Every structure is written in structure tokens, then in C-alpha cells.
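> Here you go, this is target_12.cif (mmCIF, C-alpha atoms and all ligand atoms).
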```
data_work
#
loop_
_atom_site.label_atom_id
_atom_site.label_comp_id
_atom_site.auth_asym_id
_atom_site.auth_seq_id
_atom_site.Cartn_x
_atom_site.Cartn_y
_atom_site.Cartn_z
CA MET A 1 -11.36 44.59 -125.33
CA LEU A 2 -10.04 47.73 -123.78
CA THR A 3 -9.72 50.76 -125.93
CA ASP A 4 -9.36 54.38 -125.03
CA TYR A 5 -8.57 53.70 -121.38
CA GLN A 6 -9.24 56.91 -119.48
CA LEU A 7 -9.02 56.62 -115.74
CA PRO A 8 -9.29 57.78 -113.01
CA ASN A 9 -12.79 59.28 -113.29
CA SER A 10 -13.47 62.84 -112.14
CA GLN A 11 -13.86 61.64 -108.52
CA GLY A 12 -10.43 60.01 -108.66
CA PHE A 13 -11.64 56.41 -108.85
CA PHE A 14 -10.29 53.48 -110.83
CA GLY A 15 -13.40 51.30 -110.65
CA GLU A 16 -14.07 51.11 -106.91
CA TYR A 17 -10.46 51.93 -105.96
CA GLY A 18 -8.76 55.22 -105.18
CA GLY A 19 -10.75 58.33 -104.25
CA GLN A 20 -9.97 61.07 -101.74
CA TYR A 21 -10.31 59.99 -98.11
CA LEU A 22 -8.91 63.14 -96.56
CA PRO A 23 -9.22 65.54 -93.64
CA GLU A 24 -11.41 68.56 -94.39
CA THR A 25 -8.49 71.03 -94.51
CA LEU A 26 -6.89 69.24 -97.43
CA ILE A 27 -9.94 69.04 -99.68
CA ALA A 28 -9.74 72.57 -101.14
CA PRO A 29 -5.94 72.53 -101.66
CA ILE A 30 -6.06 69.13 -103.31
CA HIS A 31 -8.75 70.35 -105.71
CA GLU A 32 -6.49 73.29 -106.50
CA LEU A 33 -3.61 70.86 -107.12
CA THR A 34 -5.78 68.84 -109.50
CA LYS A 35 -6.82 71.95 -111.41
CA VAL A 36 -3.28 73.32 -111.71
CA TYR A 37 -2.00 69.89 -112.74
CA TYR A 38 -4.45 69.68 -115.67
CA GLN A 39 -3.49 73.21 -116.73
CA ALA A 40 0.21 72.38 -116.50
CA ILE A 41 0.12 69.27 -118.65
CA ALA A 42 -1.90 71.10 -121.30
CA ASP A 43 0.68 73.92 -121.38
CA PRO A 44 3.38 73.42 -124.05
CA GLU A 45 5.81 75.54 -122.04
CA PHE A 46 5.48 73.29 -118.97
CA GLN A 47 5.93 70.21 -121.17
CA ALA A 48 8.98 71.74 -122.88
CA THR A 49 10.64 72.58 -119.54
CA LEU A 50 9.90 69.08 -118.22
CA SER A 51 11.24 67.38 -121.37
CA GLU A 52 14.40 69.42 -121.25
CA LEU A 53 15.05 68.51 -117.61
CA LEU A 54 14.27 64.84 -118.26
CA HIS A 55 16.64 64.79 -121.21
CA HIS A 56 19.64 66.87 -120.16
CA TYR A 57 19.48 66.60 -116.37
CA CYS A 58 17.99 63.16 -115.72
CA GLY A 59 19.35 61.29 -118.75
CA ARG A 60 16.25 60.29 -120.74
CA PRO A 61 15.63 58.39 -122.90
CA THR A 62 17.01 55.40 -121.01
CA PRO A 63 18.22 52.45 -123.14
CA LEU A 64 16.23 49.33 -123.90
CA ASP A 65 19.05 46.89 -123.35
CA LYS A 66 18.99 43.34 -124.72
CA ALA A 67 20.02 40.88 -122.00
CA SER A 68 21.66 38.60 -124.58
CA ASN A 69 23.70 36.38 -122.27
CA TRP A 70 20.86 35.83 -119.87
CA THR A 71 18.38 35.20 -122.70
CA LYS A 72 20.68 32.48 -124.02
CA HIS A 73 21.23 31.09 -120.53
CA LEU A 74 17.48 30.75 -119.87
CA GLY A 75 16.75 29.47 -123.37
CA GLY A 76 13.28 30.96 -123.88
CA ALA A 77 11.85 34.38 -124.67
CA GLN A 78 14.06 37.30 -125.71
CA ILE A 79 14.62 39.51 -122.66
CA TYR A 80 15.06 43.27 -122.77
CA LEU A 81 15.79 45.53 -119.81
CA LYS A 82 14.39 49.05 -119.62
CA ARG A 83 17.36 50.68 -117.93
CA GLU A 84 15.82 53.14 -115.44
CA ASP A 85 18.81 52.30 -113.25
CA LEU A 86 20.89 54.55 -115.52
CA LEU A 87 18.87 57.68 -114.65
CA HIS A 88 20.28 60.45 -112.44
CA THR A 89 20.10 59.36 -108.76
CA GLY A 90 19.91 55.71 -109.85
CA ALA A 91 16.20 54.91 -110.14
CA HIS A 92 12.97 55.82 -111.90
CA LYS A 93 11.91 58.04 -108.98
CA ILE A 94 13.48 61.22 -110.40
CA ASN A 95 10.86 61.28 -113.22
CA ASN A 96 8.13 61.98 -110.68
CA ALA A 97 10.19 64.13 -108.30
CA ILE A 98 11.28 66.54 -111.03
CA GLY A 99 7.75 66.69 -112.51
CA GLN A 100 6.11 67.44 -109.18
CA ALA A 101 8.81 69.97 -108.22
CA LEU A 102 8.01 71.86 -111.43
CA LEU A 103 4.34 71.62 -110.53
CA ALA A 104 5.07 73.10 -107.07
CA LYS A 105 6.68 76.11 -108.72
CA ARG A 106 3.58 76.58 -110.83
CA LEU A 107 1.45 76.37 -107.66
CA GLY A 108 3.61 79.17 -106.22
CA LYS A 109 4.84 76.95 -103.37
CA LYS A 110 8.43 77.29 -102.18
CA ARG A 111 8.47 74.51 -99.59
CA ILE A 112 8.43 70.79 -100.38
CA ILE A 113 7.77 67.87 -98.06
CA ALA A 114 8.09 64.19 -98.90
CA GLU A 115 8.15 60.80 -97.22
CA THR A 116 10.77 58.17 -97.89
CA GLY A 117 11.26 54.51 -97.03
CA ALA A 118 14.57 53.28 -98.41
CA GLY A 119 15.55 56.87 -99.04
CA GLN A 120 15.41 56.71 -102.84
CA HIS A 121 12.40 58.99 -103.13
CA GLY A 122 13.93 61.29 -100.52
CA VAL A 123 17.14 61.53 -102.54
CA ALA A 124 15.24 62.13 -105.80
CA THR A 125 13.11 64.84 -104.14
CA ALA A 126 16.11 66.51 -102.46
CA THR A 127 17.84 66.48 -105.86
CA ALA A 128 14.87 68.04 -107.68
CA CYS A 129 14.56 70.69 -104.95
CA ALA A 130 18.23 71.62 -105.19
CA LYS A 131 17.98 71.91 -108.96
CA LEU A 132 14.75 73.96 -108.88
CA ASP A 133 15.62 76.03 -105.79
CA LEU A 134 12.94 74.78 -103.40
CA ASP A 135 13.14 74.20 -99.63
CA CYS A 136 12.94 70.50 -98.79
CA VAL A 137 11.92 68.53 -95.69
CA ILE A 138 11.96 64.73 -95.81
CA TYR A 139 10.14 62.53 -93.27
CA MET A 140 11.80 59.17 -92.70
CA GLY A 141 11.25 56.41 -90.15
CA ALA A 142 14.04 56.22 -87.57
CA VAL A 143 14.51 52.51 -88.31
CA ASP A 144 14.88 53.24 -92.02
CA MET A 145 17.34 56.05 -91.28
CA LYS A 146 19.59 53.55 -89.56
CA ARG A 147 19.22 50.97 -92.36
CA GLN A 148 19.81 53.54 -95.10
CA ALA A 149 22.38 55.86 -93.54
CA LEU A 150 24.05 56.54 -96.89
CA ASN A 151 20.84 57.94 -98.37
CA VAL A 152 20.30 60.10 -95.28
CA ALA A 153 23.76 61.59 -95.86
CA ARG A 154 22.99 62.11 -99.56
CA MET A 155 19.77 64.01 -98.75
CA ARG A 156 21.53 66.21 -96.21
CA LEU A 157 24.38 66.96 -98.63
CA LEU A 158 21.73 67.98 -101.18
CA GLY A 159 20.45 70.54 -98.69
CA ALA A 160 17.35 68.75 -97.42
CA GLU A 161 16.29 68.52 -93.78
CA VAL A 162 15.66 64.89 -92.80
CA ARG A 163 13.18 64.52 -89.92
CA PRO A 164 13.20 61.19 -88.07
CA VAL A 165 9.82 59.58 -87.32
CA THR A 166 9.96 57.43 -84.20
CA VAL A 167 6.33 56.29 -83.70
CA GLY A 168 4.97 52.79 -84.50
CA GLN A 169 7.19 50.58 -86.66
CA ALA A 170 9.19 53.78 -87.47
CA THR A 171 9.22 52.97 -91.17
CA LEU A 172 7.46 54.18 -94.33
CA LYS A 173 3.81 54.11 -93.21
CA GLU A 174 4.56 56.31 -90.20
CA ALA A 175 6.65 58.66 -92.38
CA VAL A 176 3.64 59.13 -94.70
CA ASN A 177 1.43 59.91 -91.69
CA GLU A 178 3.88 62.57 -90.48
CA ALA A 179 4.13 64.11 -93.95
CA LEU A 180 0.32 64.28 -94.17
CA ARG A 181 0.19 65.87 -90.71
CA ASP A 182 2.75 68.49 -91.76
CA TRP A 183 0.76 69.14 -94.95
CA VAL A 184 -2.49 69.76 -93.06
CA ALA A 185 -0.71 72.51 -91.11
CA SER A 186 1.36 73.98 -93.95
CA VAL A 187 -0.62 73.50 -97.16
CA GLU A 188 -0.73 77.27 -97.92
CA THR A 189 3.02 77.32 -98.55
CA THR A 190 3.88 73.66 -99.08
CA HIS A 191 3.53 70.99 -101.77
CA TYR A 192 3.71 67.33 -100.80
CA ILE A 193 5.65 65.28 -103.38
CA LEU A 194 4.19 61.83 -102.82
CA GLY A 195 6.60 59.14 -103.96
CA SER A 196 4.48 56.39 -105.49
CA ALA A 197 1.21 55.84 -107.36
CA LEU A 198 -0.60 55.89 -104.02
CA GLY A 199 -2.52 58.12 -101.66
CA PRO A 200 -5.51 60.37 -102.41
CA HIS A 201 -6.47 61.49 -105.91
CA PRO A 202 -4.84 63.14 -107.85
CA PHE A 203 -1.54 61.58 -106.68
CA PRO A 204 -1.96 58.10 -108.23
CA MET A 205 -2.72 59.81 -111.55
CA ILE A 206 0.01 62.47 -111.33
CA VAL A 207 2.72 60.01 -110.32
CA ARG A 208 1.68 57.56 -113.05
CA ASP A 209 1.63 60.30 -115.66
CA PHE A 210 5.13 61.53 -114.79
CA HIS A 211 6.44 57.95 -115.12
CA ARG A 212 4.43 57.19 -118.24
CA VAL A 213 7.47 58.18 -120.33
CA ILE A 214 9.03 54.82 -119.38
CA GLY A 215 6.43 52.86 -121.35
CA VAL A 216 6.18 55.40 -124.15
CA GLU A 217 9.91 55.04 -124.80
CA ALA A 218 9.92 51.27 -124.32
CA ARG A 219 7.07 50.85 -126.79
CA GLN A 220 8.88 52.76 -129.52
CA GLN A 221 12.26 51.19 -128.74
CA CYS A 222 10.79 47.69 -128.84
CA ILE A 223 9.19 48.29 -132.23
CA GLU A 224 12.50 49.66 -133.54
CA ARG A 225 14.47 46.71 -132.18
CA THR A 226 12.12 43.79 -132.85
CA GLY A 227 9.64 45.12 -135.41
CA ARG A 228 6.67 44.63 -133.11
CA LEU A 229 5.23 45.09 -129.64
CA PRO A 230 6.53 43.01 -126.72
CA ASP A 231 4.56 39.95 -125.56
CA THR A 232 5.00 40.53 -121.84
CA LEU A 233 5.92 43.37 -119.50
CA VAL A 234 7.24 42.60 -116.01
CA ALA A 235 7.80 45.10 -113.20
CA CYS A 236 8.07 45.00 -109.42
CA VAL A 237 5.21 46.57 -107.46
CA GLY A 238 5.67 48.46 -104.21
CA GLY A 239 3.21 51.32 -104.38
CA GLY A 240 3.24 50.66 -108.09
CA SER A 241 4.80 53.70 -109.78
CA ASN A 242 7.50 52.08 -111.90
CA ALA A 243 5.07 49.36 -112.98
CA MET A 244 2.33 51.87 -113.92
CA GLY A 245 4.98 53.91 -115.73
CA LEU A 246 5.84 50.93 -117.91
CA PHE A 247 2.31 49.53 -118.26
CA HIS A 248 0.26 52.61 -119.03
CA ALA A 249 1.31 53.12 -122.66
CA PHE A 250 0.37 49.48 -123.39
CA ILE A 251 -3.04 49.26 -121.69
CA ASP A 252 -4.92 49.56 -124.98
CA ASP A 253 -2.80 46.77 -126.54
CA PRO A 254 -4.63 43.65 -125.34
CA ASP A 255 -1.99 41.26 -126.70
CA VAL A 256 0.68 42.70 -124.42
CA ALA A 257 0.55 40.82 -121.09
CA MET A 258 1.36 42.83 -117.97
CA ILE A 259 2.76 41.20 -114.84
CA GLY A 260 3.37 42.91 -111.52
CA VAL A 261 5.64 41.22 -108.97
CA GLU A 262 5.12 41.81 -105.27
CA ALA A 263 7.39 41.08 -102.32
CA GLY A 264 6.84 37.55 -101.01
CA GLY A 265 9.42 38.05 -98.24
CA HIS A 266 9.77 34.89 -96.15
CA GLY A 267 6.54 33.50 -97.64
CA ILE A 268 2.82 34.28 -97.37
CA LYS A 269 2.41 34.25 -93.58
CA PRO A 270 1.25 37.20 -91.43
CA GLU A 271 3.93 39.93 -91.09
CA GLN A 272 6.40 37.99 -93.28
CA HIS A 273 5.68 39.56 -96.68
CA ALA A 274 4.24 42.56 -98.56
CA ALA A 275 2.19 40.75 -101.24
CA ARG A 276 -1.07 42.67 -100.86
CA PHE A 277 -2.86 40.65 -103.53
CA GLN A 278 -1.99 37.39 -101.75
CA GLY A 279 -2.86 37.86 -98.11
CA GLY A 280 -4.68 41.18 -98.45
CA GLN A 281 -8.13 42.71 -98.20
CA LEU A 282 -9.96 45.84 -99.37
CA GLY A 283 -9.54 48.83 -97.08
CA ILE A 284 -8.65 52.50 -96.80
CA LEU A 285 -5.15 53.71 -95.99
CA GLN A 286 -3.60 57.16 -96.30
CA GLY A 287 -6.31 58.70 -98.45
CA SER A 288 -7.07 55.86 -100.84
CA LYS A 289 -9.29 52.78 -101.04
CA THR A 290 -7.28 49.78 -102.20
CA TRP A 291 -5.89 46.33 -101.39
CA LEU A 292 -3.88 46.24 -98.21
CA LEU A 293 -2.56 43.95 -95.51
CA ALA A 294 -4.56 44.11 -92.28
CA ASN A 295 -5.51 41.74 -89.48
CA LYS A 296 -9.04 40.57 -88.58
CA ASP A 297 -9.72 43.78 -86.61
CA GLY A 298 -8.75 45.94 -89.57
CA GLN A 299 -5.41 46.99 -88.03
CA ILE A 300 -2.72 47.51 -90.66
CA GLU A 301 -0.36 44.56 -90.52
CA LYS A 302 3.41 44.72 -90.29
CA THR A 303 5.15 43.85 -93.54
CA HIS A 304 8.48 42.36 -94.48
CA SER A 305 10.60 42.44 -97.62
CA ILE A 306 14.31 42.22 -98.28
CA SER A 307 13.83 45.41 -100.32
CA ALA A 308 12.74 48.49 -98.37
CA GLY A 309 11.11 49.96 -101.50
CA LEU A 310 8.50 47.17 -101.67
CA ASP A 311 7.92 46.99 -97.91
CA TYR A 312 4.54 48.76 -97.68
CA ALA A 313 1.09 47.56 -96.61
CA ALA A 314 -0.99 49.00 -99.49
CA VAL A 315 -0.82 48.81 -103.28
CA GLY A 316 -1.66 51.67 -105.65
CA PRO A 317 -5.39 51.74 -106.56
CA GLU A 318 -4.88 51.51 -110.33
CA HIS A 319 -3.17 48.13 -109.91
CA ALA A 320 -6.16 46.88 -107.89
CA TYR A 321 -8.37 47.92 -110.78
CA LEU A 322 -6.17 46.39 -113.51
CA LYS A 323 -6.22 43.14 -111.55
CA ASP A 324 -10.03 43.18 -111.21
CA ILE A 325 -10.54 43.61 -114.94
CA ASN A 326 -7.86 40.97 -115.67
CA ARG A 327 -5.74 43.44 -117.61
CA ALA A 328 -2.73 42.78 -115.39
CA VAL A 329 -1.79 39.81 -113.21
CA TYR A 330 0.20 39.88 -109.98
CA HIS A 331 2.61 37.29 -108.66
CA TYR A 332 5.15 37.31 -105.87
CA VAL A 333 8.69 36.03 -105.32
CA THR A 334 10.48 35.35 -102.04
CA ASP A 335 13.59 37.03 -100.59
CA ASP A 336 15.65 33.93 -101.41
CA GLU A 337 14.55 33.95 -105.05
CA VAL A 338 15.44 37.66 -105.19
CA LEU A 339 18.97 37.11 -103.85
CA ASP A 340 19.44 34.34 -106.36
CA ALA A 341 18.23 36.54 -109.24
CA PHE A 342 20.43 39.42 -108.07
CA GLN A 343 23.52 37.23 -108.38
CA GLU A 344 22.45 35.71 -111.68
CA ILE A 345 21.90 39.02 -113.47
CA ALA A 346 25.16 40.39 -112.02
CA ASP A 347 27.01 37.35 -113.33
CA GLN A 348 25.27 37.13 -116.71
CA GLU A 349 24.85 40.80 -117.64
CA GLY A 350 27.25 42.77 -115.43
CA ILE A 351 24.42 44.68 -113.79
CA LEU A 352 23.80 45.06 -110.04
CA PRO A 353 20.05 45.70 -109.84
CA ALA A 354 18.15 47.28 -106.97
CA LEU A 355 16.67 44.53 -104.78
CA GLU A 356 13.24 45.89 -105.77
CA SER A 357 14.00 45.39 -109.48
CA ALA A 358 15.47 41.97 -108.70
CA HIS A 359 11.91 40.85 -107.88
CA ALA A 360 10.94 41.32 -111.54
CA ILE A 361 14.14 39.54 -112.59
CA ALA A 362 13.40 36.61 -110.25
CA TYR A 363 9.96 36.18 -111.77
CA VAL A 364 11.29 36.32 -115.34
CA LYS A 365 13.88 33.68 -114.42
CA LYS A 366 10.89 31.33 -114.02
CA LEU A 367 8.76 32.77 -116.83
CA ALA A 368 11.19 33.12 -119.76
CA PRO A 369 12.00 29.39 -120.14
CA THR A 370 8.24 28.67 -120.51
CA MET A 371 8.01 31.05 -123.48
CA SER A 372 9.36 30.62 -127.00
CA PRO A 373 12.40 32.34 -128.55
CA ASP A 374 10.18 34.33 -130.92
CA GLN A 375 8.53 36.03 -127.96
CA THR A 376 9.75 39.13 -126.13
CA ILE A 377 9.74 40.19 -122.48
CA ILE A 378 10.52 43.70 -121.24
CA ILE A 379 11.60 44.01 -117.60
CA ASN A 380 11.52 47.40 -115.96
CA LEU A 381 14.92 47.64 -114.29
CA SER A 382 13.65 50.30 -111.90
CA GLY A 383 16.93 51.07 -110.13
CA ARG A 384 20.55 50.21 -109.53
CA GLY A 385 21.78 48.11 -106.67
CA ASP A 386 24.62 50.16 -105.20
CA LYS A 387 22.39 51.05 -102.23
CA ASP A 388 21.83 47.33 -101.54
CA VAL A 389 25.36 45.94 -101.81
CA GLU A 390 26.00 45.94 -98.06
CA GLN A 391 22.71 44.15 -97.38
CA VAL A 392 23.32 41.53 -100.08
CA VAL A 393 26.83 40.86 -98.80
CA GLU A 394 25.41 40.32 -95.32
CA ALA A 395 22.55 38.13 -96.54
CA LEU A 396 24.95 35.93 -98.50
CA ASN A 397 27.47 35.79 -95.63
CA MET A 398 30.04 36.98 -98.12
CA LYS A 399 33.44 38.20 -97.05
CA LEU A 400 34.43 41.59 -98.52
C1 LIG A 501 10.92 52.91 -104.70
C2 LIG A 501 11.37 51.88 -105.63
C3 LIG A 501 10.51 50.86 -106.09
C4 LIG A 501 9.11 50.67 -105.58
O1 LIG A 501 8.23 51.71 -105.83
P1 LIG A 501 7.14 51.64 -106.97
O2 LIG A 501 6.34 52.88 -106.72
O3 LIG A 501 6.35 50.40 -106.80
O4 LIG A 501 7.85 51.69 -108.26
C5 LIG A 501 10.99 49.98 -107.02
N1 LIG A 501 12.26 50.05 -107.47
C6 LIG A 501 13.12 51.00 -107.05
C7 LIG A 501 14.51 51.00 -107.57
C8 LIG A 501 12.71 51.94 -106.11
O5 LIG A 501 13.57 52.88 -105.69
#
```
Since I need it in another form, could you write the structure as C-alpha cells?
Ligand SMILES: *Cc1c(COP(=O)(O)O)cnc(C)c1O


Amino acid sequence: MLTDYQLPNSQGFFGEYGGQYLPETLIAPIHELTKVYYQAIADPEFQATLSELLHHYCGRPTPLDKASNWTKHLGGAQIYLKREDLLHTGAHKINNAIGQALLAKRLGKKRIIAETGAGQHGVATATACAKLDLDCVIYMGAVDMKRQALNVARMRLLGAEVRPVTVGQATLKEAVNEALRDWVASVETTHYILGSALGPHPFPMIVRDFHRVIGVEARQQCIERTGRLPDTLVACVGGGSNAMGLFHAFIDDPDVAMIGVEAGGHGIKPEQHAARFQGGQLGILQGSKTWLLANKDGQIEKTHSISAGLDYAAVGPEHAYLKDINRAVYHYVTDDEVLDAFQEIADQEGILPALESAHAIAYVKKLAPTMSPDQTIIINLSGRGDKDVEQVVEALNMKL
């Protein structure tokens, strides 16, 4: 079985996935980024600064919370929640934003750009930039800006400039394109804080590594609480950063099953979902070779999910690799199942999860009863649901 998992390779590939499909101008700077990143993580002073920020500023370690009521209700495996929703800014994203902001300082770059879909990565980046005194420009699709007006206000209050992107679907994919365009013109002074385990090497590796702490903590906490490793890990997969963060520390433990849950939207029909492993194909998007949703002519397909954070046409390359080697499996749940799970976990555990995280919950709602009470599941509760309350109320036709 797998031991000593060490990927990506020096070319940035996980098997055949990943790589660096980039314009010429970015090749040298991205090699510089890779070099400085390796120096940084080997430097005890960098690690100490990062640990201190993660602990005192972000709120790590996050609890591993036993969902006792819900476990009893479902009557199967013991369910634990890794509470990333309790981190500063309300989701796992701050782990990566603060890590990369520190990296930018080491690179001597004072200006940060980032893309955002739902606005969570934009808020985390704007927060890290305020804390570490960096200039911050966030690219966001105009449609997303309307849907997530509260997060736009948060970013602006944190001192970031939010630039609307109006081309195409005016959502996340277009925002990434604009950020890349900015970077080509500004790379001397600017670091691009990419928000998921996506894009050209070294980003899938860097983002994974900064989130790896999730699984490292969960592993130790699970052993403390139950005396052994968990049987199954479950996490939602947009680009794949929270899932890689949980999975990575367990890859060399073949008895720990890893399940990624994608957005099934209205079902697996063209433009109605974002389950890349269901209706997808191999292709290249935004610097990386991976599974993505495209039509017969190779045009990137529109996607749909009730959760903006999972609404993206490509999946991170490391997930494509883990699927190929059968180390992880990928399922999907529909919007309706997600709404149902959202209400159930609120009712049973007093937690409003992010709609993204509710995908993992919806899958476990089906999985846990098929497992036995001496088995353990850990769900990555990637974020809190405050940002989604208005949307859920509308979807349920609830009166406030
Ligand atoms: C952004 C986001 C996601 C999806 O991104 P990944 O990179 O797949 O983790 C999931 N959950 C929350 C709460 C998010 O904000």
C-alpha cells in the first residue's frame, strides 16, 4: 500500500495531473515562489511566526466535536466534527490566506491580489492583509458581488479594494482569469494568493500544506478521544483545499477511508451541477491539468450549486490523482439533500453549517447508518453558515 507519499514531483505533477500551464512571463516568478516557499517552510522562524498567528489570531487548534445527538439519531457510526467553522472569519480559508500573506512578506512583495467566489477567500485574504500590513485587491464576479453583498462590505471594511469582473458568467472562473491577467502585469511587486488547491504548481501544494494542520490536529485528537484512528474522513470538494487539508495527514494510513463530496446541484445534467468526477473530462484550466466540466467542443461548461464555494468547473489535481489510485472516492449530493442536512444538523447539534460543509453532512446522513457503532467518521465542518442564512430562508420559503 501507500507509504511515504511525496507528491507533487519536481515538475508539479500528481501522476498526470497538475503541472504549470502558464504564460511565459509567469514562469520565472513562479519558480522563484517555489524556491522561496521551500526555504520558508524549512525555516524555524517562519514556522514559529505562522504557528503563533494560527494559534492566537486564528484560533487553532479547532475542536474535534462529538456530534452525540446526531450520532444517536442516525444509529450507526460515531460522528465527529472538525470545527473549522470556529476559526477567525468563519472558515478554513484563513489557514491558507495567513500562510501565503507571510510568504508574500518573505518574497518582499507589498501588494496582494486574490480571486473570490462566495467572498470567503476574499474576506480571509483581506483579513490577513490587514493584519500583516499588505495592500489588497480582490477580483470578484459582478454576479457574485450581488449575491454576496455582505462579504463585499466586509472586504471593503477590512481595507481591500474589490474589483468587479463583468465578463462571461461574471462568477469565479472569470475572477481567476482577471487575477491572472493582473499578475502577469504586476508580478514584480505582487503576490497572488490563490484560494484553493488549484491552479499551476506550486499552488496546489502550497495551499494543501497550509491546510494540512487540519488533519494533523484531527489525527491526534481522534486518537486521544477514541484510542485509535478514524475509519472514514468526509469533506466537501470545491477546488479541494479543505478536503486535502483533512486528508493529507492520513494518506499513509490505508485503513482510513477518504470520501470527497462534490456539488450535485439539480442532478447530473449539463450546467446543473459541479460534480467534475461525474460528468467531467480531463482538460487544462487556469494553469493546471485536471478533471473539469466541458462540452463536446472543449468549452468550459456552466456549473450550478446551491453553495457558491463549490460552484467551479475544475477540481484540484491532487484529488484527481487520489481518485485514480483509489486512495480516495468521490460522491455527490444534490441541493435538496444539502438543505435537508443543513436543517438536520441545526436541529440536532445547534450548528448552522456553511452550505459547502452541508454537502459532507448530507453524505454522512446516508453513510453513517450503514456503518457500525464501533466505527468512527470525521466530517470536516469547513465553515459556518451565517453567510448562507438568507439563501436558506429563501430556498425553504421560510418567513422570518
Ligand atoms: C471555499 C469554501 C469551500 C470550498 O473550497 P475547497 O477549496 O474545496 O475547500 C468549502 N467550504 C467553505 C466553508 C468554503 O468557504

> Quick one: distance from CA of Ser196 (chain A) to CA of Gly245 (chain A) in Å, one decimal?

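If I compute the distance from CA of Ser196 (chain A) to CA of Gly245 (chain A), I get 10.5 Å.
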
> If the limit is 7 Å from any atom of ligand LIG 501 (chain A), counting only C-alpha atoms and all ligand atoms, which residues qualify? Return them as a ChimeraX atom specification.

/A:91-93,120-121,195-197,236-243,309-310,354,356-357,382-384

> Show which residues sit within 10 Å of Trp291 (chain A), as a PDB file with C-alpha atoms, in the frame of the given file. Count only C-alpha atoms, and ignore same-chain residues fewer than 3 positions away.


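Dumped everything to part29.pdb:
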```pdb
ATOM      1  CA  TYR A  17     -10.460  51.930-105.960  1.00  0.00           C
ATOM      2  CA  ALA A 275       2.190  40.750-101.240  1.00  0.00           C
ATOM      3  CA  ARG A 276      -1.070  42.670-100.860  1.00  0.00           C
ATOM      4  CA  PHE A 277      -2.860  40.650-103.530  1.00  0.00           C
ATOM      5  CA  GLN A 278      -1.990  37.390-101.750  1.00  0.00           C
ATOM      6  CA  GLY A 279      -2.860  37.860 -98.110  1.00  0.00           C
ATOM      7  CA  GLY A 280      -4.680  41.180 -98.450  1.00  0.00           C
ATOM      8  CA  GLN A 281      -8.130  42.710 -98.200  1.00  0.00           C
ATOM      9  CA  LEU A 282      -9.960  45.840 -99.370  1.00  0.00           C
ATOM     10  CA  GLY A 283      -9.540  48.830 -97.080  1.00  0.00           C
ATOM     11  CA  ILE A 284      -8.650  52.500 -96.800  1.00  0.00           C
ATOM     12  CA  LEU A 285      -5.150  53.710 -95.990  1.00  0.00           C
ATOM     13  CA  SER A 288      -7.070  55.860-100.840  1.00  0.00           C
ATOM     14  CA  ALA A 294      -4.560  44.110 -92.280  1.00  0.00           C
ATOM     15  CA  ALA A 313       1.090  47.560 -96.610  1.00  0.00           C
ATOM     16  CA  ALA A 314      -0.990  49.000 -99.490  1.00  0.00           C
ATOM     17  CA  VAL A 315      -0.820  48.810-103.280  1.00  0.00           C
ATOM     18  CA  GLY A 316      -1.660  51.670-105.650  1.00  0.00           C
ATOM     19  CA  PRO A 317      -5.390  51.740-106.560  1.00  0.00           C
ATOM     20  CA  HIS A 319      -3.170  48.130-109.910  1.00  0.00           C
ATOM     21  CA  ALA A 320      -6.160  46.880-107.890  1.00  0.00           C
ATOM     22  CA  TYR A 321      -8.370  47.920-110.780  1.00  0.00           C
TER      23      TYR A 321
END
```

> Can you measure CA of Gln78 (chain A) to CA of Thr232 (chain A) for me? One decimal in Å is fine.

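Distance between the two atoms: 10.4 Å.
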
> Looking at A:His201, A:Lys131, A:Arg83, A:Arg327, which one is nearest to Tyr21 (chain A), with distances taken over only C-alpha atoms?

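Result for the nearest residue to Tyr21 (chain A): A:His201.
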
> One decimal, in Å: what's the spacing between CA of Gly108 (chain A) and CA of Phe203 (chain A)?

18.3 Å

> Restricting the calculation to only C-alpha atoms: of A:Val184, A:Ala97, A:Leu367, A:Ala149, which residue gets closest to Phe210 (chain A)?

A:Ala97

> Pick out the closest residue to Pro353 (chain A) from this set: A:His211, A:Lys323, A:Lys387, A:Lys365. Count all atoms listed in the file.

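Closest candidate: A:Lys387.
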
> From the options A:Lys66, A:Lys82, A:Lys366, A:Lys173, which residue's atoms come nearest to Ala118 (chain A), counting only C-alpha atoms?

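When distances to Ala118 (chain A) are compared using only C-alpha atoms, the smallest one comes from A:Lys173.
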
> For Asp135 (chain A), find every residue with an atom within 12 Å (counting only C-alpha atoms), except residues of its own chain fewer than 5 positions away, and show them as a ChimeraX atom specification.

/A:101,104-105,109-114,125-130,158-162,189-192

> Between A:Pro204, A:Gly265, A:Pro270, A:Gly215, single out the one closest to Gly19 (chain A), counting all atoms listed in the file.

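The answer is A:Pro204, which sits nearest to Gly19 (chain A).
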
> What's the 8 Å shell around region 328-340 of chain A, counting all atoms listed in the file, without same-chain residues fewer than 2 positions away, as a PyMOL selection string?

chain A and resi 257-267+275+277+305-306+319+322-323+325-326+342-344+355+358-359+361-363+392

> Looking at all atoms listed in the file, which of A:Ile223, A:Val216, A:Ala28, A:Ile268 is the one that sits closest to Met244 (chain A)?

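Of all the options, A:Val216 lies closest to Met244 (chain A).
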
> If we count all atoms listed in the file and set the cut-off at 12 Å, which residues sit around Arg228 (chain A), ignoring sequence neighbours fewer than 5 positions away in its own chain? Please answer as an MDAnalysis selection string.

chainID A and resid 218:223 253 255:256 374:377

> Go ahead and write the residues just picked, C-alpha atoms, as an mmCIF file, keeping the file's coordinate frame.


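So the final result, stored in part.cif, reads:
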```
data_model
loop_
_atom_site.group_PDB
_atom_site.id
_atom_site.type_symbol
_atom_site.label_atom_id
_atom_site.label_comp_id
_atom_site.auth_asym_id
_atom_site.auth_seq_id
_atom_site.Cartn_x
_atom_site.Cartn_y
_atom_site.Cartn_z
ATOM 1 C CA ALA A 218 9.920 51.270 -124.320
ATOM 2 C CA ARG A 219 7.070 50.850 -126.790
ATOM 3 C CA GLN A 220 8.880 52.760 -129.520
ATOM 4 C CA GLN A 221 12.260 51.190 -128.740
ATOM 5 C CA CYS A 222 10.790 47.690 -128.840
ATOM 6 C CA ILE A 223 9.190 48.290 -132.230
ATOM 7 C CA ASP A 253 -2.800 46.770 -126.540
ATOM 8 C CA ASP A 255 -1.990 41.260 -126.700
ATOM 9 C CA VAL A 256 0.680 42.700 -124.420
ATOM 10 C CA ASP A 374 10.180 34.330 -130.920
ATOM 11 C CA GLN A 375 8.530 36.030 -127.960
ATOM 12 C CA THR A 376 9.750 39.130 -126.130
ATOM 13 C CA ILE A 377 9.740 40.190 -122.480
#
```

> Taking 3 positions as the minimum chain separation for residues in the same chain, which residues sit within 10 Å of His73 (chain A) when counting only C-alpha atoms? Answer as a list in words.

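Near His73 (chain A), the qualifying residues are Ala67, Ser68, Asn69, Trp70, Gly76, Gln348, Lys365 and Pro369 of chain A.
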